[in-house]
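Chemist: The structure is given below, and queries will be raised subsequently.
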Amino acid sequence: MGKSGSGKTSMRSVIFSNNPASLTSRLGATNDVEQNHVRFLGDLILNLWDCGGQESFMDSYISSQQSTIFQHVAVLIYVFEVDSASNLAGSAEKDKDRERDVSYYRSCLAALARYSPEARVFVLVHKMDLVREHRTEVFQKRVKELERESDGVAITTFGTSIWDESLYKAWSRIVHTLIPNAKVLAKHLTTFAEACGATEVVMFERTTFLVIATSSTSTATSSELLASTNGAQAAEPADIRNSTGSTSPNSLDPTRYERTSELIKAFKLSCSRSQRQFQATVMQTATFTAVLEELTRNTYILVVVHDDEIETDAIRMNIIAARSKFE
Ligand code: GTP
């Protein structure tokens with residue numbers, strides 16, 4: 001949910017329909033509610049409701065349609081456009097617009113508390129690319145305001161943009177909360193990483209390339225540059241290698257998962273443009289080898305190894321051997 005033009009359909013189109021960000025400017029306003037059923041990880045179906053944000057629709061969601069819209073919600077994602085150098089003429093108009101936006105937000109939270117009290121609330125401060133300077137400060141200020149405006153409801157906030165990896169980070173975290181066996185998957189990936197001598201193993205959903213689970217227990221907390229849960233800001237990114245030269249998942253770039261998602265999605269898109277199917281990729285540098293392979297019908301696996309004595313073929317054979325376990 002969120003006001004018209006805040007970017008809801010655009011993010012859906014980039015993440016779930018694999019469209020490039022550049023095509024989103026052609027999208028029309030959403031009429032009422034657009035429902036999508038996204039098969040996500042075998043039997044898990046994500047029922048995604050994109051609620052058009054024009055005022056007449058918003059009024060109807062919080063009045064006559066309230067029980068339909070807010071019943072059985074697992075996650076509410078509310079999208080606010082970041083307040084950049086606004087194109088509104090005067091500050092009075094801007095304030096009025098903001099007030100209306102917040103009033104709808106509060107009404108949605110109240111309706112959610114009534115019909116789906118267990119639902120988690122994610123608030124995206126979107127179009128962060130439009131903020132040219134002091135991005136972190138602008139985001140933090142907005143988060144503080146949002147917390148005040150949330151009437152005590154626990155919210156998780158992300159700064160996002162369709163133009164960079166921040167969108168993948170937010171959506172990976174959102175989807176992660178909906179995966180029932182995420183902890184078991186992470187445990188199996190840790191076992192697999194140990195068996196391969198890997199620094200880290202990451203599992204991606206096949207179509208969206210969102211991160212499902214990683215072998216690193218710190219996944220949820222390590223990449224928090226532009227995210228906070230009720231204001232708790234996490235550490236800045238650490239260096240890729242620590243001072244002793246050894247590499248541990250905690251000393252890797254904290255944005256590596258979402259950057260991989262974004263890069264692979266772009267690569268897949270260019271493969272399909274040249275009518276080639278993306279299957280697997282191997283990356284080798286002086287310090288590490290990364291193997292990205294299909295794991296199951298719905299997932300890909302990325303294995304990162306910092307040991308030049310481990311052969312790429314051995315990693316690939318281990319992936320093949322592990323397939324049935326993860327299927
Ligand atoms: P309704 O369907 O009317 O509720 O609007 P919406 O929230 O679905 O907005 P939509 O996705 O149609 O996006 C409106 C405009 O915002 C489009 O021109 C997008 O290209 C643009 N947009 C979406 N996300 C971003 C972003 O991260 N950065 C920038 N700069 N523009 C964006």
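Every chain in the structure tokens has a letter given in the order shown (A, B, ...), and although residue numbers restart at 1 in each chain, ligands are simply numbered from 1 in the order shown.
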Using only C-alpha atoms, which protein or nucleic acid residues come within 10 Å of region 267-277 of chain A? Drop anything in the same chain fewer than 4 positions from it, and give the result as a ChimeraX atom specification.
Modeler: /A:18-20,207,261-263
Chemist: Keeping only N, CA, C and O atoms, write the selected residues to a file as a CSV table (one decimal), in the first residue's frame.
Modeler:
```csv
chain,number,residue,atom,x,y,z
A,18,ASN,N,10.5,-9.5,-13.6
A,18,ASN,CA,11.8,-9.4,-14.2
A,18,ASN,C,11.9,-8.3,-15.3
A,18,ASN,O,12.7,-8.4,-16.2
A,19,ASN,N,11.2,-7.2,-15.1
A,19,ASN,CA,11.3,-6.1,-16.0
A,19,ASN,C,12.4,-5.1,-15.6
A,19,ASN,O,12.7,-5.0,-14.4
A,20,PRO,N,13.1,-4.5,-16.5
A,20,PRO,CA,14.1,-3.5,-16.1
A,20,PRO,C,13.5,-2.3,-15.5
A,20,PRO,O,12.4,-1.9,-15.9
A,207,THR,N,13.2,-17.4,-9.8
A,207,THR,CA,12.7,-16.3,-10.7
A,207,THR,C,13.1,-14.9,-10.2
A,207,THR,O,13.5,-14.1,-11.0
A,261,SER,N,22.0,-10.5,-6.3
A,261,SER,CA,20.7,-10.6,-6.9
A,261,SER,C,20.5,-9.7,-8.0
A,261,SER,O,20.0,-10.1,-9.1
A,262,GLU,N,20.8,-8.4,-7.8
A,262,GLU,CA,20.7,-7.4,-8.9
A,262,GLU,C,21.5,-7.7,-10.1
A,262,GLU,O,21.0,-7.7,-11.2
A,263,LEU,N,22.8,-8.1,-9.9
A,263,LEU,CA,23.7,-8.4,-11.0
A,263,LEU,C,23.2,-9.6,-11.8
A,263,LEU,O,23.2,-9.5,-13.0
```
Chemist: What are the closest atom pairs, with distances in Å to one decimal, for each residue of chain A lying within 10 Å of ligand 1, using only C-alpha atoms and all ligand atoms, rows by chain and rising residue number, as a tab-separated table?
Modeler:
```
residue	atom	partner	partner_atom_place_in_ligand_line	distance
A:Met1	CA	ligand 1	4 (O)	7.6
A:Gly2	CA	ligand 1	7 (O)	6.3
A:Lys3	CA	ligand 1	4 (O)	5.7
A:Ser4	CA	ligand 1	3 (O)	3.6
A:Gly5	CA	ligand 1	9 (O)	3.5
A:Ser6	CA	ligand 1	7 (O)	4.0
A:Gly7	CA	ligand 1	11 (O)	3.4
A:Lys8	CA	ligand 1	7 (O)	3.9
A:Thr9	CA	ligand 1	11 (O)	3.7
A:Ser10	CA	ligand 1	11 (O)	3.6
A:Met11	CA	ligand 1	24 (N)	6.4
A:Arg12	CA	ligand 1	11 (O)	7.9
A:Ser13	CA	ligand 1	11 (O)	8.1
A:Val14	CA	ligand 1	24 (N)	9.4
A:Ala21	CA	ligand 1	20 (O)	7.0
A:Ser22	CA	ligand 1	20 (O)	6.9
A:Leu23	CA	ligand 1	20 (O)	7.1
A:Thr24	CA	ligand 1	20 (O)	4.2
A:Ser25	CA	ligand 1	18 (O)	3.5
A:Arg26	CA	ligand 1	18 (O)	6.6
A:Leu27	CA	ligand 1	12 (O)	5.2
A:Gly28	CA	ligand 1	12 (O)	5.7
A:Ala29	CA	ligand 1	3 (O)	3.7
A:Thr30	CA	ligand 1	2 (O)	3.5
A:Asn31	CA	ligand 1	2 (O)	6.9
A:Asp32	CA	ligand 1	2 (O)	8.4
A:Val33	CA	ligand 1	2 (O)	9.0
A:Glu34	CA	ligand 1	2 (O)	9.2
A:Asp50	CA	ligand 1	8 (O)	7.5
A:Cys51	CA	ligand 1	4 (O)	6.4
A:Gly52	CA	ligand 1	4 (O)	3.7
A:Gly53	CA	ligand 1	4 (O)	3.5
A:Gln54	CA	ligand 1	3 (O)	5.6
A:Glu55	CA	ligand 1	4 (O)	9.3
A:Phe57	CA	ligand 1	4 (O)	9.0
A:Met58	CA	ligand 1	4 (O)	9.4
A:Tyr78	CA	ligand 1	7 (O)	10.0
A:Val79	CA	ligand 1	7 (O)	7.6
A:Phe80	CA	ligand 1	7 (O)	8.9
A:Glu81	CA	ligand 1	26 (C)	8.5
A:Val82	CA	ligand 1	28 (N)	9.4
A:Val125	CA	ligand 1	27 (O)	9.4
A:His126	CA	ligand 1	27 (O)	5.7
A:Lys127	CA	ligand 1	27 (O)	3.6
A:Met128	CA	ligand 1	27 (O)	6.3
A:Asp129	CA	ligand 1	28 (N)	5.7
A:Leu130	CA	ligand 1	30 (N)	5.6
A:Val131	CA	ligand 1	30 (N)	9.2
A:Gly159	CA	ligand 1	27 (O)	9.5
A:Thr160	CA	ligand 1	27 (O)	6.4
A:Ser161	CA	ligand 1	27 (O)	3.3
A:Ile162	CA	ligand 1	27 (O)	4.0
A:Trp163	CA	ligand 1	27 (O)	5.8
A:Asp164	CA	ligand 1	27 (O)	8.1
A:Ser166	CA	ligand 1	27 (O)	9.3
A:Leu167	CA	ligand 1	27 (O)	8.2
```
Chemist: Could you write out the selected residues, including C-alpha atoms, as a CSV table (one decimal), in the first residue's frame?
Modeler:
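Saved result, result.csv, follows:
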```
chain,number,residue,atom,x,y,z
A,1,MET,CA,0.0,0.0,0.0
A,2,GLY,CA,1.0,3.6,-0.3
A,3,LYS,CA,-0.1,6.7,-2.2
A,4,SER,CA,-0.4,6.8,-6.0
A,5,GLY,CA,2.9,7.1,-7.7
A,6,SER,CA,5.0,6.0,-4.7
A,7,GLY,CA,6.4,3.1,-6.8
A,8,LYS,CA,4.5,0.0,-5.7
A,9,THR,CA,3.8,-1.4,-9.1
A,10,SER,CA,7.3,-0.6,-10.3
A,11,MET,CA,8.9,-2.7,-7.6
A,12,ARG,CA,6.5,-5.5,-8.2
A,13,SER,CA,7.4,-5.3,-11.9
A,14,VAL,CA,11.2,-5.3,-11.3
A,21,ALA,CA,13.7,-0.4,-13.9
A,22,SER,CA,13.8,1.8,-17.1
A,23,LEU,CA,10.5,0.4,-18.3
A,24,THR,CA,8.6,1.3,-15.1
A,25,SER,CA,8.0,4.9,-16.3
A,26,ARG,CA,5.5,3.4,-18.8
A,27,LEU,CA,3.3,1.8,-16.1
A,28,GLY,CA,-0.2,3.2,-15.6
A,29,ALA,CA,-1.9,3.8,-12.3
A,30,THR,CA,-3.2,0.6,-10.6
A,31,ASN,CA,-7.0,0.3,-10.7
A,32,ASP,CA,-8.2,-0.9,-7.4
A,33,VAL,CA,-6.4,-4.0,-6.3
A,34,GLU,CA,-4.2,-6.1,-8.6
A,50,ASP,CA,-0.9,-4.3,-5.2
A,51,CYS,CA,-3.4,-1.8,-3.9
A,52,GLY,CA,-3.8,1.2,-6.2
A,53,GLY,CA,-3.0,4.4,-4.2
A,54,GLN,CA,-5.4,6.9,-5.6
A,55,GLU,CA,-7.5,8.6,-2.9
A,57,PHE,CA,-9.3,3.6,-3.7
A,58,MET,CA,-7.7,4.3,-0.4
A,78,TYR,CA,3.7,0.4,3.0
A,79,VAL,CA,5.5,2.5,0.5
A,80,PHE,CA,6.3,6.2,1.2
A,81,GLU,CA,8.1,8.3,-1.4
A,82,VAL,CA,11.1,9.9,0.1
A,125,VAL,CA,11.1,4.8,2.2
A,126,HIS,CA,11.2,4.6,-1.6
A,127,LYS,CA,13.0,6.5,-4.4
A,128,MET,CA,16.1,7.0,-2.3
A,129,ASP,CA,18.0,7.6,-5.6
A,130,LEU,CA,16.4,11.0,-5.7
A,131,VAL,CA,18.2,12.1,-2.6
A,159,GLY,CA,15.4,2.8,2.2
A,160,THR,CA,14.8,1.5,-1.3
A,161,SER,CA,15.2,2.4,-5.0
A,162,ILE,CA,14.4,0.4,-8.1
A,163,TRP,CA,17.7,1.7,-9.5
A,164,ASP,CA,20.0,-0.2,-7.1
A,166,SER,CA,18.5,-1.8,-2.0
A,167,LEU,CA,15.2,-3.1,-3.4
```
Chemist: From the options A:Val291, A:Leu189, A:Ala110, A:Ile45, which residue's atoms come nearest to Ile310 (chain A), counting only C-alpha atoms?
Modeler: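 Of the candidates, the smallest distance to Ile310 (chain A) is held by A:Val291.
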Chemist: Would you list the contacts of Thr285 (chain A) as a ChimeraX atom specification, taking every protein, DNA or RNA residue within 12 Å and counting only C-alpha atoms, but skipping same-chain residues closer than 3 positions in sequence?
Modeler: /A:282,288-291,304-308
Chemist: So which residues touch Val73 (chain A) within 12 Å, counting only C-alpha atoms, skipping near sequence neighbours fewer than 2 positions away, as a ChimeraX atom specification?
Modeler: /A:46-49,66-71,75-77,108-109,111-121,178
Chemist: Please, what distance in Å, to one decimal, runs between CA of Asp101 (chain A) and CA of Thr136 (chain A)?
Modeler: 22.3 Å
Chemist: Can you pull out every residue from region 27-235 of chain A that DSSP, working from the backbone, puts in strand (DSSP E or B), and format the result as a ChimeraX atom specification?
Modeler: /A:33-39,45-51,75-81,120-126,155-160,200-205,211-214,227-229,232-233
Chemist: Output as an MDAnalysis selection string all residues of region 53-268 of chain A that backbone DSSP marks as alpha helix (DSSP H).
Modeler: chainID A and resid 55:62 66:70 91:115 135:149 166:176 182:196 219:222 256:268
Chemist: So that I can check the surroundings of Gln279 (chain A), please list as an mmCIF file with N, CA and C atoms, in the first residue's frame every protein, DNA and RNA residue that reaches within 9 Å of it, counting only C-alpha atoms and ignoring chain neighbours fewer than 4 positions away.
Modeler:
```
data_model
loop_
_atom_site.group_PDB
_atom_site.id
_atom_site.type_symbol
_atom_site.label_atom_id
_atom_site.label_comp_id
_atom_site.auth_asym_id
_atom_site.auth_seq_id
_atom_site.Cartn_x
_atom_site.Cartn_y
_atom_site.Cartn_z
ATOM 1 N N LEU A 292 27.926 -20.359 -9.154
ATOM 2 C CA LEU A 292 26.481 -20.185 -9.055
ATOM 3 C C LEU A 292 25.828 -21.223 -9.942
ATOM 4 N N GLU A 293 25.022 -22.096 -9.347
ATOM 5 C CA GLU A 293 24.439 -23.227 -10.089
ATOM 6 C C GLU A 293 22.993 -23.414 -9.679
ATOM 7 N N GLU A 294 22.251 -24.030 -10.568
ATOM 8 C CA GLU A 294 20.899 -24.434 -10.228
ATOM 9 C C GLU A 294 20.986 -25.470 -9.110
#
```
